[in-house]
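Below is one structure; the comments refer to it alone.
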Amino acid sequence: CRTKPTDLVFIIDSSRSVRPQEFEKVKVFLSKVIEGLDVGPNSTRVGVINYASAVKNEFSLKTHQTKAGLLQAVRRIEPLSTGTMTGLAIQFAISRAFSDSEGARVRSPNFNKVAIVVTDGRPQDGVQDVSARARAAGIEIFAIGVGRVDMHTLRQIASQPLDDHVDYVESYSVIEKLTHKFQEAFCGPSYAVGTSTGCSAAGGGNPFLCLAFQVHNMQMTKPSPWQSCMQRKHCAKDCEQRTAPHQLPRELLLLSASSCTNPPWSCSQTPPALAQLALWLLTAVGPLQHWPSCSPSCSNTHTWEERETLGHPATNLCATGDHDCEQICISSPGAYKCGCKEGFTLNSDGKTCSACSGGLGSALDLVFLIDGSKSVRPENFELVKKFINQIVDSLEVSEKQAQVGLVQYSSSVRQEFPLGQFKNKKDIKAAVKKMSYMEKGTMTGQALKYLVDSSFSVVNGARPGVPKVGIVFTDGRSQDYITDAAKKAKDLGFKMFAVGVGNAVEDELREIASEPVAEHYFYTADFRTISKIGKKLQMKIC
């Protein structure tokens with residue numbers, strides 16, 4: 001789902017009872033929740049408060065405006081390892097973290113204010129009164145307890161209903177299982193079918209379907225534009241308008257006929273899935289005062305574009321950001337379609353764009369520069385190899401189209417195979433799978449120098465006049481100087497992409513990446529999610 005704009009503050013206990021390796025699990029949990037959010041100055045903002053005997057503001061709601069920046073900042077948090085002043089931390093959230101000066105937005109129905117408290121023990125101060133003040137200030141509080149936590153304390157902290165706002169896990173090793181719950185918790189409300197029963201129409205005897213919808217907080221996408229006769233009592237020459245129930249958001253009763261039996265009043269089309277229909281009614285149309293019924297030309301049939309005739313202005317989905325277009329969103333009332341900038345073409349998914357004017361079959365010299373240091377670990381190195389082959393799959397490999405080279409580095413640099421050695425995808429992928437793991441240091445600067453001096457040389461298979469692309473993959477801070485080699489690569493016209501995982505340093509990734517930097521560097525906290533970056537790179541490497 002697309003998350004509702006939220007000011008979110010994590011309040012995390014790092015008292016001495018939380019061991020260092022357990023605190024790392026908390027950081028992974030934070031990172032995974034953040035991965036599922038729409039982060040941005042007009043979307044969701046995130047801050048973190050770290051507390052023990054004292055409170056430390058790790059970063060405020062205004063500090064980081066990108067997901068990559070947030071994830072890097074979380075990785076740098078260190079435990080305080082003293083007492084447990086939970087009440088003091090909540091007071092800090094009220095007076096400081098959720099203040100205008102720290103980036104919090106003015107209280108509004110359009111924004112959520114949420115605090116997530118993670119603790120493993122009994123606090124050394126009071127939490128009941130300060131938590132009540134926080135809730136009265138409009139802050140929704142979730143309380144997560146671990147291990148020997150005092151459950152009574154969690155209930156004093158959390159918002160109502162307690163069943164939705166209090167969570168307990170046996171140990172920090174399983175806290176990740178709560179990730180999905182919190183990603184869903186920040187989604188805007190959507191809707192699902194509660195009950196459906198058959199009924200018959202008055203007068204004409206036409207079949208009707210009575211649908212009762214209940215509101216749920218769950219993930220669901222908006223349906224495509226569609227047409228249907230929304231409601232009618234019977235088919236007649238004169239259209240009649242019926243008042244529809246609109247006790248929203250509790251329950252909605254929809255009467256929908258499958259057809260009109262008396263020509264020429266034919267209004268038969270199958271509506272979308274009932275759950276999508278409920279979503280469309282409640283989020284897109286809102287409470288309807290009157291719904292039209294049958295007419296000779298079925299003029300009561302309406303689409304998303306025609307909702308204004310019902311007295312409910314259609315939403316501009318491009319303006320609200322409620323779309324999935326990568327580059328250009330083209331709005332129509334209540335709907336949108338995607339487009340691309342000049343020189344780009346729209347891909348088959350209807351959302352993303354490719355920079356290849358001749359498709360992925362354009363001539364290209366591509367070299368992967370892969371970190372094989374000890375911190376990667378063997379099982380993750382296998383995921384890196386799958387990542388490489390994922391990108392190779394998107395290329396048209398031949399002497400006249402794409403060529404691929406591969407370099408691995410750690411404390412030294414090793415060319416696995418040069419450009420042009422393999423003439424087809426099958427052979428390239430087989431060679432990647434056979435690559436052995438070096439498992440030493442992280443000399444990224446030395447590897448970049450090798451890329452500049454050797455990998456893109458004619459002697460190593462590079463073709464004059466063909467675009468050169470380098471993809472640098474690393475999971476940690478370089479042990480040598482990267483600035484000169486990174487600059488030289490870009491000065492020579494190489495298009496450089498930087499992919500960081502885990503402990504990779506954002507400043508180094510940005511230094512490696514070509515302009516515009518935001519489109520050429522990627523970061524994820526977890527090797528298991530690098531395939532998502534692979535999909536983005538497939539569209540950008542041309």
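Residues in the structure tokens are numbered from 1 in each chain, the chains being A, B, ... in the order shown, and ligands are numbered from 1 in the order shown.
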Just the residues within 10 Å of region 147-164 of chain A, please, counting only C-alpha atoms, with nothing from its chain fewer than 5 positions along; format it as a ChimeraX atom specification. /A:86-87,90,115-123,126-132,134-135,139-142,169-172,181,185
Any idea what's packed within 8 Å of region 53-62 of chain A, counting only C-alpha atoms, ignoring anything in its chain fewer than 3 positions away? Could you give it as a list in words? Asp7, Leu8, Val9, Ser15, Pro41, Arg45, Val46, Gly47, Val48, Ile49, Asn50, Gln65, Ala73, Ile77, Thr82, Gly83, Thr84, Met85, Leu88, Ala89, Phe92, Ala97, Phe98, Glu102, Gly103 and Ala104 of chain A
Need the shell around Val407 (chain A): protein/DNA/RNA residues with any atom at most 9 Å away, counting only C-alpha atoms. Skip same-chain ones fewer than 5 positions apart. Format as a VMD selection string? chain A and resid 367 to 371 413 to 418 447 450 to 451 455
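Neighbours of Met438 (chain A) closer than or equal to 10 Å, with only C-alpha atoms counted and sequence neighbours fewer than 2 positions away skipped, come out as Asp371, Gly372, Ser373, Lys374, Pro378, Phe381, Gln408, Tyr409, Ser410, Ser411, Ser412, Val413, Arg414, Met435, Ser436, Lys440 and Gly441 of chain A.
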From the DSSP assignment of the backbone, select every residue of region 48-205 of chain A that is alpha helix (DSSP H), and format the answer as an mmCIF file with N, CA, C and O atoms, in the first residue's frame.
data_model
loop_
_atom_site.group_PDB
_atom_site.id
_atom_site.type_symbol
_atom_site.label_atom_id
_atom_site.label_comp_id
_atom_site.auth_asym_id
_atom_site.auth_seq_id
_atom_site.Cartn_x
_atom_site.Cartn_y
_atom_site.Cartn_z
ATOM 1 N N LYS A 67 14.949 7.516 2.263
ATOM 2 C CA LYS A 67 14.981 6.218 2.933
ATOM 3 C C LYS A 67 16.429 5.764 3.140
ATOM 4 O O LYS A 67 16.776 5.220 4.192
ATOM 5 N N ALA A 68 17.268 6.006 2.137
ATOM 6 C CA ALA A 68 18.673 5.602 2.253
ATOM 7 C C ALA A 68 19.354 6.312 3.417
ATOM 8 O O ALA A 68 20.107 5.700 4.183
ATOM 9 N N GLY A 69 19.079 7.608 3.586
ATOM 10 C CA GLY A 69 19.665 8.350 4.693
ATOM 11 C C GLY A 69 19.204 7.834 6.046
ATOM 12 O O GLY A 69 20.003 7.719 6.990
ATOM 13 N N LEU A 70 17.930 7.495 6.145
ATOM 14 C CA LEU A 70 17.402 6.950 7.392
ATOM 15 C C LEU A 70 18.049 5.620 7.741
ATOM 16 O O LEU A 70 18.445 5.376 8.885
ATOM 17 N N LEU A 71 18.149 4.741 6.745
ATOM 18 C CA LEU A 71 18.710 3.417 7.005
ATOM 19 C C LEU A 71 20.166 3.511 7.435
ATOM 20 O O LEU A 71 20.616 2.777 8.323
ATOM 21 N N GLN A 72 20.896 4.417 6.828
ATOM 22 C CA GLN A 72 22.289 4.612 7.226
ATOM 23 C C GLN A 72 22.371 5.122 8.667
ATOM 24 O O GLN A 72 23.207 4.681 9.457
ATOM 25 N N ALA A 73 21.490 6.047 9.011
ATOM 26 C CA ALA A 73 21.505 6.623 10.361
ATOM 27 C C ALA A 73 21.154 5.563 11.409
ATOM 28 O O ALA A 73 21.736 5.546 12.505
ATOM 29 N N VAL A 74 20.222 4.693 11.100
ATOM 30 C CA VAL A 74 19.859 3.622 12.035
ATOM 31 C C VAL A 74 21.052 2.704 12.274
ATOM 32 O O VAL A 74 21.314 2.276 13.405
ATOM 33 N N ARG A 75 21.792 2.402 11.210
ATOM 34 C CA ARG A 75 22.959 1.515 11.346
ATOM 35 C C ARG A 75 23.991 2.083 12.315
ATOM 36 O O ARG A 75 24.723 1.336 12.961
ATOM 37 N N THR A 86 11.883 5.167 30.919
ATOM 38 C CA THR A 86 10.926 5.165 29.818
ATOM 39 C C THR A 86 10.031 6.410 29.843
ATOM 40 O O THR A 86 9.744 7.011 28.801
ATOM 41 N N GLY A 87 9.571 6.809 31.036
ATOM 42 C CA GLY A 87 8.731 7.998 31.152
ATOM 43 C C GLY A 87 9.441 9.243 30.660
ATOM 44 O O GLY A 87 8.853 10.091 29.978
ATOM 45 N N LEU A 88 10.723 9.359 31.002
ATOM 46 C CA LEU A 88 11.521 10.504 30.557
ATOM 47 C C LEU A 88 11.603 10.544 29.029
ATOM 48 O O LEU A 88 11.524 11.615 28.418
ATOM 49 N N ALA A 89 11.749 9.374 28.421
ATOM 50 C CA ALA A 89 11.838 9.305 26.956
ATOM 51 C C ALA A 89 10.526 9.726 26.297
ATOM 52 O O ALA A 89 10.528 10.430 25.275
ATOM 53 N N ILE A 90 9.396 9.301 26.871
ATOM 54 C CA ILE A 90 8.099 9.692 26.309
ATOM 55 C C ILE A 90 7.883 11.198 26.464
ATOM 56 O O ILE A 90 7.369 11.869 25.552
ATOM 57 N N GLN A 91 8.295 11.764 27.611
ATOM 58 C CA GLN A 91 8.196 13.214 27.792
ATOM 59 C C GLN A 91 9.051 13.950 26.764
ATOM 60 O O GLN A 91 8.636 14.989 26.222
ATOM 61 N N PHE A 92 10.231 13.428 26.483
ATOM 62 C CA PHE A 92 11.091 14.024 25.463
ATOM 63 C C PHE A 92 10.382 14.018 24.106
ATOM 64 O O PHE A 92 10.485 14.976 23.331
ATOM 65 N N GLN A 128 2.501 6.317 33.306
ATOM 66 C CA GLN A 128 1.058 6.422 33.080
ATOM 67 C C GLN A 128 0.638 7.851 32.727
ATOM 68 O O GLN A 128 -0.036 8.078 31.720
ATOM 69 N N ASP A 129 1.020 8.821 33.526
ATOM 70 C CA ASP A 129 0.584 10.201 33.296
ATOM 71 C C ASP A 129 1.185 10.784 32.027
ATOM 72 O O ASP A 129 0.490 11.437 31.233
ATOM 73 N N VAL A 130 2.468 10.555 31.822
ATOM 74 C CA VAL A 130 3.114 11.138 30.646
ATOM 75 C C VAL A 130 2.585 10.494 29.361
ATOM 76 O O VAL A 130 2.424 11.163 28.334
ATOM 77 N N SER A 131 2.257 9.224 29.412
ATOM 78 C CA SER A 131 1.686 8.562 28.231
ATOM 79 C C SER A 131 0.304 9.117 27.921
ATOM 80 O O SER A 131 -0.068 9.304 26.751
ATOM 81 N N ALA A 132 -0.476 9.386 28.984
ATOM 82 C CA ALA A 132 -1.798 9.987 28.798
ATOM 83 C C ALA A 132 -1.688 11.361 28.153
ATOM 84 O O ALA A 132 -2.491 11.716 27.275
ATOM 85 N N ARG A 133 -0.684 12.139 28.550
ATOM 86 C CA ARG A 133 -0.481 13.465 27.944
ATOM 87 C C ARG A 133 -0.109 13.326 26.471
ATOM 88 O O ARG A 133 -0.550 14.113 25.626
ATOM 89 N N ALA A 134 0.708 12.335 26.158
ATOM 90 C CA ALA A 134 1.101 12.112 24.759
ATOM 91 C C ALA A 134 -0.121 11.753 23.899
ATOM 92 O O ALA A 134 -0.302 12.287 22.800
ATOM 93 N N ARG A 135 -0.945 10.862 24.425
ATOM 94 C CA ARG A 135 -2.142 10.469 23.666
ATOM 95 C C ARG A 135 -3.097 11.652 23.502
ATOM 96 O O ARG A 135 -3.698 11.837 22.443
ATOM 97 N N ALA A 136 -3.225 12.476 24.546
ATOM 98 C CA ALA A 136 -4.087 13.659 24.475
ATOM 99 C C ALA A 136 -3.577 14.665 23.452
ATOM 100 O O ALA A 136 -4.360 15.435 22.879
ATOM 101 N N MET A 151 4.161 -6.207 31.588
ATOM 102 C CA MET A 151 3.026 -6.028 30.683
ATOM 103 C C MET A 151 2.107 -4.904 31.159
ATOM 104 O O MET A 151 1.493 -4.205 30.334
ATOM 105 N N HIS A 152 1.994 -4.709 32.460
ATOM 106 C CA HIS A 152 1.158 -3.617 32.974
ATOM 107 C C HIS A 152 1.686 -2.271 32.483
ATOM 108 O O HIS A 152 0.902 -1.367 32.130
ATOM 109 N N THR A 153 2.993 -2.132 32.435
ATOM 110 C CA THR A 153 3.603 -0.901 31.927
ATOM 111 C C THR A 153 3.242 -0.679 30.462
ATOM 112 O O THR A 153 2.919 0.445 30.041
ATOM 113 N N LEU A 154 3.292 -1.725 29.669
ATOM 114 C CA LEU A 154 2.952 -1.590 28.243
ATOM 115 C C LEU A 154 1.526 -1.089 28.072
ATOM 116 O O LEU A 154 1.246 -0.241 27.225
ATOM 117 N N ARG A 155 0.604 -1.620 28.884
ATOM 118 C CA ARG A 155 -0.798 -1.210 28.769
ATOM 119 C C ARG A 155 -0.999 0.241 29.217
ATOM 120 O O ARG A 155 -1.882 0.940 28.709
ATOM 121 N N GLN A 156 -0.181 0.693 30.158
ATOM 122 C CA GLN A 156 -0.256 2.096 30.567
ATOM 123 C C GLN A 156 0.243 3.029 29.465
ATOM 124 O O GLN A 156 -0.226 4.160 29.338
ATOM 125 N N ILE A 157 1.186 2.560 28.686
ATOM 126 C CA ILE A 157 1.790 3.382 27.635
ATOM 127 C C ILE A 157 0.901 3.466 26.394
ATOM 128 O O ILE A 157 0.711 4.541 25.809
ATOM 129 N N LEU A 162 -6.165 -1.613 23.149
ATOM 130 C CA LEU A 162 -4.895 -2.194 23.568
ATOM 131 C C LEU A 162 -4.510 -3.415 22.735
ATOM 132 O O LEU A 162 -3.321 -3.668 22.498
ATOM 133 N N ASP A 163 -5.504 -4.170 22.271
ATOM 134 C CA ASP A 163 -5.194 -5.357 21.458
ATOM 135 C C ASP A 163 -4.437 -4.999 20.195
ATOM 136 O O ASP A 163 -3.655 -5.794 19.677
ATOM 137 N N ASP A 164 -4.671 -3.793 19.676
ATOM 138 C CA ASP A 164 -4.000 -3.350 18.445
ATOM 139 C C ASP A 164 -2.693 -2.629 18.727
ATOM 140 O O ASP A 164 -1.888 -2.439 17.811
ATOM 141 N N HIS A 165 -2.499 -2.167 19.966
ATOM 142 C CA HIS A 165 -1.366 -1.285 20.239
ATOM 143 C C HIS A 165 -0.333 -1.861 21.206
ATOM 144 O O HIS A 165 0.680 -1.213 21.470
ATOM 145 N N THR A 179 7.336 -6.784 11.876
ATOM 146 C CA THR A 179 7.560 -5.802 10.811
ATOM 147 C C THR A 179 6.316 -5.585 9.967
ATOM 148 O O THR A 179 5.894 -4.451 9.701
ATOM 149 N N HIS A 180 5.705 -6.691 9.511
ATOM 150 C CA HIS A 180 4.575 -6.582 8.595
ATOM 151 C C HIS A 180 3.405 -5.853 9.242
ATOM 152 O O HIS A 180 2.732 -5.039 8.601
ATOM 153 N N LYS A 181 3.176 -6.124 10.523
ATOM 154 C CA LYS A 181 2.074 -5.450 11.225
ATOM 155 C C LYS A 181 2.239 -3.939 11.168
ATOM 156 O O LYS A 181 1.283 -3.204 10.895
ATOM 157 N N PHE A 182 3.449 -3.456 11.427
ATOM 158 C CA PHE A 182 3.639 -2.012 11.483
ATOM 159 C C PHE A 182 3.667 -1.382 10.099
ATOM 160 O O PHE A 182 3.277 -0.225 9.936
ATOM 161 N N GLN A 183 4.092 -2.111 9.100
ATOM 162 C CA GLN A 183 3.994 -1.577 7.741
ATOM 163 C C GLN A 183 2.529 -1.388 7.370
ATOM 164 O O GLN A 183 2.155 -0.393 6.750
ATOM 165 N N GLU A 184 1.668 -2.346 7.763
ATOM 166 C CA GLU A 184 0.234 -2.230 7.495
ATOM 167 C C GLU A 184 -0.405 -1.130 8.327
ATOM 168 O O GLU A 184 -1.338 -0.462 7.892
ATOM 169 N N ALA A 185 0.096 -0.951 9.546
ATOM 170 C CA ALA A 185 -0.517 0.018 10.447
ATOM 171 C C ALA A 185 -0.442 1.433 9.903
ATOM 172 O O ALA A 185 -1.277 2.278 10.236
#
